[in-house]
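Taking it in order: structure first as structure tokens, then the write-up.
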Amino acid sequence: MSEFVNRGAQDHAGFVAEEENVSKLWKDIEAMHAQNRMSSERNEPEYTFYDGPPFATGLPHYGHILAGTIKDTVTRYAAMNGYRVERRAGWDCHGLPVEYEIDQKLNITHRDQVLEMGIENYNKECRSIVTRYTKEWETTVTRLGRWIDFEDDYKTLDPTFMESVWWVFKELFKKDLVYQGYKVMPFSTACGTPLSNFEAGLNYKEGTIDPAVVVSFPLTEDPETSFVAWTTTPWTLPSNLALCVNPEFEYLKIKDLATSKQYIVAKARLSQLFPQMKSKKWKKAKEKETFEVLATYVGKDLVGKTYTPLFTYFASDPGQTYWRVLSDKYVTDDSGTGIVHQAPAFGEDDYRVCLAHSIIKKGGDIPCPVDSNGIYTERCEDFVGQYVKDADPKICELLKSQGRLVQKDNISHSYPFCWRSDTPLIYKAVPSWFVKVEEIKDKLLKNNEQTYWVPSHVKDVRFHNWLRDARDWAVSRNRFWGTPIPVWANEDFSEVICIGSIAELAELSGVTVDDLHRETVDKVEIPSKKNPGTVLKRIDEVFDCWFESGSMPYAQKHYPFENAEQFQDGFPADFIAEGLDQTRGWFYTLMVLSTALFDKPPFKNLIVNGLVLASDGKKMSKRLKNYPDPTLVINKYGADALRMYLINSPVVRAEPLKFQEEGVLGVVKDVFNPWFNAFKFLMQQVERWESACDTKFVPDIEKVRASKNSIDVWLGARTQGLIKFVHEEMKAYRLYTVMPELVSFITELTNWYVRLNRDRLKGSDSDAESGIQVLYATLLDITILLAPFNPFICEYFYQNLRKLQRSYDPANPNDTTNPALAGKTASVHLLRLPSYDASRINDTAVQGMTMLQKIIKIGRDVREKRLISVKTPLRNMTVVMPLASKEVLEDVKTKLAPYIMTELNVWDMHFVTPAEESEWVKITLLPNLKVLGKKLGKAMKAVKQGLVNMSHEEAKAAIAAGTAEVEGQSIDFTSEVISMYKYAKEDEAWEGAVHNDGDVVVSIDTTMDEMLISAGKCRELITNIQKLRKTAGLVVNDKVEAFYEEVGGNTMRKYIKGNLKTFEDKFKGMVPLPAELASEGSNVLASTEVDLDGMKLIVDIRTPALSISQSVNDDMVAKFLATLDINDIKDAQEVPCKIDSSEHTLVEGKDFYKSATEMAKAENKF
């Protein structure tokens, strides 16, 4: 690991470089494997984690990075908290995503083309791309800092995985939880396969435009009268077999007075035929001018009536009883005409209703003139070869020419699209294999209750409702690249066998296979036991890839054929995590299969993340290029910055995140840079302390615990409280509460502890060492504690901090043996997380420090209000803490007041006693209207005025008592009154304010005098000298002298003389001097012009040089002294000198001084 402890503030480029060094370290020591090995040696319990397998046919995006970061954070935490965590990478290799890409590549538009080229050749093409981007995935995931095993990965195309999938299905088959049947399902015409209901819900698009038409169906018995039906799918009209009414609705036979046409329509839906009825201006009296009611019916009275079909393509079907009116209560009156056209091949309700009324027969064929690619077949002779959606306008044209088109309009609505091909879905009746989800619905709901989700509302509402309304799951796909469904049957399905293993297939067929894809197992035939001499052949379908991913807990371990005990011990999984979209995807399939197999939930704990959107709130789009490339962001700011940005956002609460690159930069600037600067400050002080004390700094926790310094005690308590908090929240998987607290702690560490202790820690006494010990222990604790969250930067800090530990062995820096010790152990990630020390929890210290921060904040605000710089001292300030406990008040008064005074540059600080409060503050009272409004009624006005009129003492007494009588009403001052403290000092010289929390009031005396002004000028001069030191690149121990020249005056000399101690304390004895006192031998290191509120100075810093006493009258002696380098004489107090054979002994303090400051003091030159 490189060292950069002496560099300036770290920029993001530096963090990126160090992350690459850390990655190399992890690779060199095989850190993840070392972690697991050490854990196994300690016999730690297993923490089971399931990683949902992604498709490797595309590159990882922010959604993958987000989920990966959450998974890595939780599993790193578990591994550092006493568990062994197996983290195997997995790849989803089958299904539509792969086939769709091959279809695009080979220009395949119909399944017959696949059969022509051969399934073996087609699957070979599919196999060639399934791992196309695995190396890119590995590179990105590794660079992100995620620890996951790519060497021992699993793929859904592995024979072992596929065999376990067979076993899963066989178990369901044995439990009678699978069946084959027709079902109208969401269907992707682009992919030529049905989708499950949850897949159909993955890609709904708002604002989809479709035609909306009303079509007429003349009654056979009365051709002048027509039923009218409304539809948004004109392409289904060629398949119309019936009409459906609601048996309970009222229907009217009406005559359209404008056209003289007669229609039957639901009374409640007349506005569909006459849109003017929807207008607010419509009056019932206008009905007589618009239409005439000829007859009234109840829906059930219309059942059985027949009508003239739109098309007669199916008129010759044997035994058909088509084109009649049916009834069902699913028909609504909120849209359309109250009459629904029935095409059982393309509507779930249509199918159910037509089956119930014997329009179609169970097990029989369904009239369907559309093939698997959405193309009309020869049965639909007018539109043969046309894609159904493209045929909508032509169908409307034909119906219009026949006088059957009553209305034509467009509708904008939400419509499902294929989640892979992004093309509109249709609904189509297809033969499929189903899992009986509805049969186990109660068990699903029960098992869901046993799981813990973050956030909980996704489980309790979204997922619960999905399970409650779940339908049987269609798990078969009429495709080629997937795990074949292991069912062998004869032609009429009178003999069916389900196979659960390779061995069982070999036993029944006599053929042993080593691959389970279609090109292999489709050739295997099983001799029939019922009809000797005949054979059973495998059915055509393959599994939906969601069935495979839902089988992942078992299949990744080749259960039950191998690892049975290991699987059973680790099931259900302790933890899984994915995006909100998986509520209807992976989470659902996991739950269905685990419930069906074992009546158990598949996992115990789950974190659901929201979606990462582009900065404008739109979906991230490669085409629109509306988001920065993840790889570029990582290479620019570092993986840790991206990780922290993501998990410190609403997205870990399942809310959307509008990705802002500036937010990643903000993590570097606002968190990592301050954290790094605190670390750098520590290392500099350790180096300085070792140099000053000539001894090695050795961390000692006992010295940390022994420190009585109030800020040390606070930091220790704050650190232990943070450790306790992180363990509690991580146990509850609440990353969204952990990260803000971690960020807050780092801010407090850098902005308060380091800031308030900077001068103290630069000392060389035991108090300085105590502070350094506390800062070291804190940084080591949070480095280890934050390692799961920020693995790179914590590793960098650890590699530097460990070298100070006694157990560190520079000869063996890559030690990965037990026991794991800070210092000895090669990586922070091989250590155990710190446990909190209850003895160091100190609520008083924490509350006192919180009060200090509030007082300082208000003090700064009040100064700013009066335009008084913090560099200008103030003589007095007062503090009122009316709500503080005695312990906290005493802590602030006796221990923290000096810090407050120093930070606010105030010379005296007074804490107001209760008896003095009324001079400085006043309690204002207001009624709690929500509570008192109902209680008081008209008396409210008087009570409100009574509260306003109460004095400070009266209000305080009432609050202390809890209740008091106001204007004759008994008022509860704990719940019925809102009290606030207001600043009330009536003196122009004083300025004050109240903290937003209302628990502290600060007031400052703004009176200025010569002494205050001079002290302020001197403090500003100190600041500018410090800036010059930084400009010159000096470190703490570098000694310099400062000189100034006042332009057009001599006031600064008087100011400095009056504040000598201030400069001596700040610069260890050095005092800025007039430029004429600078030695000739000094070199200027840096110079600047300074404007101190109108006073102009030229200030420079110089190397220390010998200063010659004014008592030296001999020019030759003076010239000799001017030639000496101060480093040549070091500690010498006398210097021999020979001039013109005359020997001199020059004495320090008489003839020369080792600094201009010493000379000025001795000779009163200030």
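Each chain of the structure tokens is named A, B, ... in the order shown, its residues numbered from 1; ligands are numbered from 1 in display order.
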Within 12 Å of Asn818 (chain A), counting only C-alpha atoms, which residues show up once you throw out same-chain ones fewer than 5 positions away? Write them as a VMD selection string, please.
chain A and resid 34 to 43 824 to 826 830 to 832
Surrounding residues of Ile959 (chain A) excluding itself and chain neighbours under 5 positions, 9 Å, only C-alpha atoms, as a list in words
Glu954, Ala964, Asp972, Phe973, Thr974 and Ser979 of chain A
Please produce a file of those selected residues containing N, CA and C atoms, as a PDB file, in the first residue's frame.
ATOM      1  N   GLU A 954     -45.105  33.366  35.156  1.00  0.00           N
ATOM      2  CA  GLU A 954     -46.387  32.656  35.200  1.00  0.00           C
ATOM      3  C   GLU A 954     -46.399  31.472  34.229  1.00  0.00           C
ATOM      4  N   ALA A 964     -52.941  24.508  34.582  1.00  0.00           N
ATOM      5  CA  ALA A 964     -53.225  25.809  35.188  1.00  0.00           C
ATOM      6  C   ALA A 964     -54.552  26.306  34.657  1.00  0.00           C
ATOM      7  N   ASP A 972     -54.320  21.928  30.121  1.00  0.00           N
ATOM      8  CA  ASP A 972     -53.188  21.008  30.261  1.00  0.00           C
ATOM      9  C   ASP A 972     -52.012  21.579  29.458  1.00  0.00           C
ATOM     10  N   PHE A 973     -50.977  22.024  30.182  1.00  0.00           N
ATOM     11  CA  PHE A 973     -49.847  22.682  29.517  1.00  0.00           C
ATOM     12  C   PHE A 973     -48.869  21.685  28.876  1.00  0.00           C
ATOM     13  N   THR A 974     -49.097  20.387  29.069  1.00  0.00           N
ATOM     14  CA  THR A 974     -48.218  19.393  28.429  1.00  0.00           C
ATOM     15  C   THR A 974     -48.684  19.027  27.034  1.00  0.00           C
ATOM     16  N   SER A 979     -45.408  25.923  23.757  1.00  0.00           N
ATOM     17  CA  SER A 979     -44.562  26.940  24.392  1.00  0.00           C
ATOM     18  C   SER A 979     -43.275  27.116  23.606  1.00  0.00           C
TER      19      SER A 979
END
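Atom pair CA of Gly319 (chain A) / CA of Asp371 (chain A): separated by 23.9 Å.
Closest approach to Ser1155 (chain A) among A:Ser335, A:Leu1097, A:Asn203, A:Leu1077 is made by A:Leu1077 (distances from only C-alpha atoms).
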Where does region 142-235 of chain A meet region 409-431 of chain A within 12 Å, residue by residue, with the nearest atom pair and distance in Å to one decimal for each, counting only C-alpha atoms, listed by chain and rising number, as a Markdown table?
| residue | atom | partner | partner_atom | distance |
| --- | --- | --- | --- | --- |
| A:Tyr179 | CA | A:Pro431 | CA | 10.5 |
| A:Gln180 | CA | A:Pro431 | CA | 7.0 |
| A:Gly181 | CA | A:Pro431 | CA | 5.4 |
| A:Tyr182 | CA | A:Pro431 | CA | 4.3 |
| A:Lys183 | CA | A:Ala429 | CA | 5.0 |
| A:Val184 | CA | A:Ala429 | CA | 3.8 |
| A:Met185 | CA | A:Tyr427 | CA | 5.3 |
| A:Pro186 | CA | A:Tyr427 | CA | 4.6 |
| A:Phe187 | CA | A:Ile426 | CA | 5.3 |
| A:Ser188 | CA | A:Leu425 | CA | 5.2 |
| A:Thr189 | CA | A:Leu425 | CA | 6.9 |
| A:Ala190 | CA | A:Ser421 | CA | 6.5 |
| A:Cys191 | CA | A:Ser421 | CA | 7.3 |
| A:Gly192 | CA | A:Leu425 | CA | 10.5 |
| A:Thr193 | CA | A:Val430 | CA | 9.1 |
| A:Pro194 | CA | A:Val430 | CA | 7.5 |
| A:Leu195 | CA | A:Cys418 | CA | 8.4 |
| A:Ser196 | CA | A:Cys418 | CA | 10.9 |
| A:Asn197 | CA | A:Pro416 | CA | 10.3 |
| A:Phe198 | CA | A:Trp419 | CA | 10.5 |
| A:Glu199 | CA | A:Trp419 | CA | 7.0 |
| A:Ala200 | CA | A:Pro416 | CA | 6.0 |
| A:Gly201 | CA | A:Pro416 | CA | 6.7 |
| A:Leu202 | CA | A:Trp419 | CA | 6.1 |
| A:Asn203 | CA | A:Trp419 | CA | 5.3 |
| A:Tyr204 | CA | A:Pro416 | CA | 4.2 |
| A:Lys205 | CA | A:Ser414 | CA | 5.3 |
| A:Glu206 | CA | A:Ser414 | CA | 4.2 |
| A:Gly207 | CA | A:Ser412 | CA | 4.9 |
| A:Thr208 | CA | A:Ser412 | CA | 5.2 |
| A:Ile209 | CA | A:Ser412 | CA | 4.6 |
| A:Asp210 | CA | A:Ile411 | CA | 5.4 |
| A:Pro211 | CA | A:Asn410 | CA | 4.4 |
| A:Ala212 | CA | A:Asp409 | CA | 5.0 |
| A:Val213 | CA | A:Asp409 | CA | 6.1 |
| A:Val214 | CA | A:Asp409 | CA | 8.9 |
| A:Val215 | CA | A:Asp409 | CA | 11.9 |
| A:Trp230 | CA | A:Asp409 | CA | 10.6 |
| A:Thr231 | CA | A:Ile411 | CA | 10.4 |
| A:Thr232 | CA | A:Ile411 | CA | 7.7 |
| A:Thr233 | CA | A:Ile426 | CA | 9.4 |
| A:Pro234 | CA | A:Asp409 | CA | 11.6 |
| A:Trp235 | CA | A:Ile426 | CA | 10.2 |
Within 10 Å of region 688-704 of chain A: each region 1010-1126 of chain A residue with its shortest pair, only C-alpha atoms, as a tab-separated table:
residue	atom	partner	partner_atom	distance
A:Val1035	CA	A:Arg688	CA	9.5
A:Val1036	CA	A:Arg688	CA	7.6
A:Asn1037	CA	A:Arg688	CA	7.0
Include C-alpha atoms and write out the residues we just selected as a PDB file, in the first residue's frame.
ATOM      1  CA  VAL A1035       4.781  21.196   8.092  1.00  0.00           C
ATOM      2  CA  VAL A1036       4.052  21.605  11.797  1.00  0.00           C
ATOM      3  CA  ASN A1037       7.626  21.377  13.038  1.00  0.00           C
TER       4      ASN A1037
END
With only C-alpha atoms as the atoms that count, which of A:Ile29, A:Leu749, A:Ala89, A:Val870 lies nearest to Asn812 (chain A)?
A:Ile29
When you look at Gly763 (chain A) with a cut-off of 10 Å (counting only C-alpha atoms), what residues show up, excluding the ones that are within fewer than 4 positions of it in the same chain? I need them as an MDAnalysis selection string.
chainID A and resid 685 688:689 692 758:759 767:769 771:772
Export, as a PDB file, in the first residue's frame, the selected residues with N, CA and C atoms.
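Below is the file part.pdb, written as the result:
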ATOM      1  N   GLN A 685       0.434  14.220  13.616  1.00  0.00           N
ATOM      2  CA  GLN A 685       0.672  14.441  15.047  1.00  0.00           C
ATOM      3  C   GLN A 685       1.435  13.288  15.674  1.00  0.00           C
ATOM      4  N   ARG A 688       4.966  13.945  14.632  1.00  0.00           N
ATOM      5  CA  ARG A 688       5.516  15.082  15.367  1.00  0.00           C
ATOM      6  C   ARG A 688       5.771  14.716  16.820  1.00  0.00           C
ATOM      7  N   TRP A 689       4.805  13.988  17.450  1.00  0.00           N
ATOM      8  CA  TRP A 689       4.941  13.596  18.851  1.00  0.00           C
ATOM      9  C   TRP A 689       6.140  12.665  19.037  1.00  0.00           C
ATOM     10  N   ALA A 692       9.237  14.803  18.860  1.00  0.00           N
ATOM     11  CA  ALA A 692       9.418  15.671  20.015  1.00  0.00           C
ATOM     12  C   ALA A 692       9.778  14.886  21.272  1.00  0.00           C
ATOM     13  N   ARG A 758      -7.173  20.795  17.907  1.00  0.00           N
ATOM     14  CA  ARG A 758      -6.007  20.925  17.017  1.00  0.00           C
ATOM     15  C   ARG A 758      -4.766  21.406  17.766  1.00  0.00           C
ATOM     16  N   ASP A 759      -4.880  22.463  18.534  1.00  0.00           N
ATOM     17  CA  ASP A 759      -3.707  22.990  19.243  1.00  0.00           C
ATOM     18  C   ASP A 759      -3.249  22.032  20.335  1.00  0.00           C
ATOM     19  N   ASP A 767      -0.986  15.091  28.010  1.00  0.00           N
ATOM     20  CA  ASP A 767      -2.329  15.456  27.557  1.00  0.00           C
ATOM     21  C   ASP A 767      -2.426  15.357  26.039  1.00  0.00           C
ATOM     22  N   ALA A 768      -1.360  15.771  25.358  1.00  0.00           N
ATOM     23  CA  ALA A 768      -1.335  15.648  23.894  1.00  0.00           C
ATOM     24  C   ALA A 768      -1.371  14.181  23.488  1.00  0.00           C
ATOM     25  N   GLU A 769      -0.577  13.363  24.183  1.00  0.00           N
ATOM     26  CA  GLU A 769      -0.570  11.930  23.854  1.00  0.00           C
ATOM     27  C   GLU A 769      -1.945  11.322  24.099  1.00  0.00           C
ATOM     28  N   GLY A 771      -4.859  12.769  23.820  1.00  0.00           N
ATOM     29  CA  GLY A 771      -5.729  13.133  22.712  1.00  0.00           C
ATOM     30  C   GLY A 771      -5.417  12.343  21.459  1.00  0.00           C
ATOM     31  N   ILE A 772      -4.114  12.140  21.188  1.00  0.00           N
ATOM     32  CA  ILE A 772      -3.713  11.364  20.013  1.00  0.00           C
ATOM     33  C   ILE A 772      -4.194   9.921  20.151  1.00  0.00           C
TER      34      ILE A 772
END
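Each of A:Glu289, A:Glu491, A:Glu18, A:Glu504 was checked against Phe792 (chain A) using only C-alpha atoms; the smallest atom-to-atom distance is that of A:Glu18.
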Identify, with DSSP run on backbone atoms, the residues in region 332-556 of chain A assigned to strand (DSSP E or B), and express the list as number ranges by chain.
A: 339-342, 370, 375-376, 387, 405-417, 424, 426-435, 452-454, 473-474, 476-477, 484, 487-489, 496-498, 526-527, 535-538, 542-543
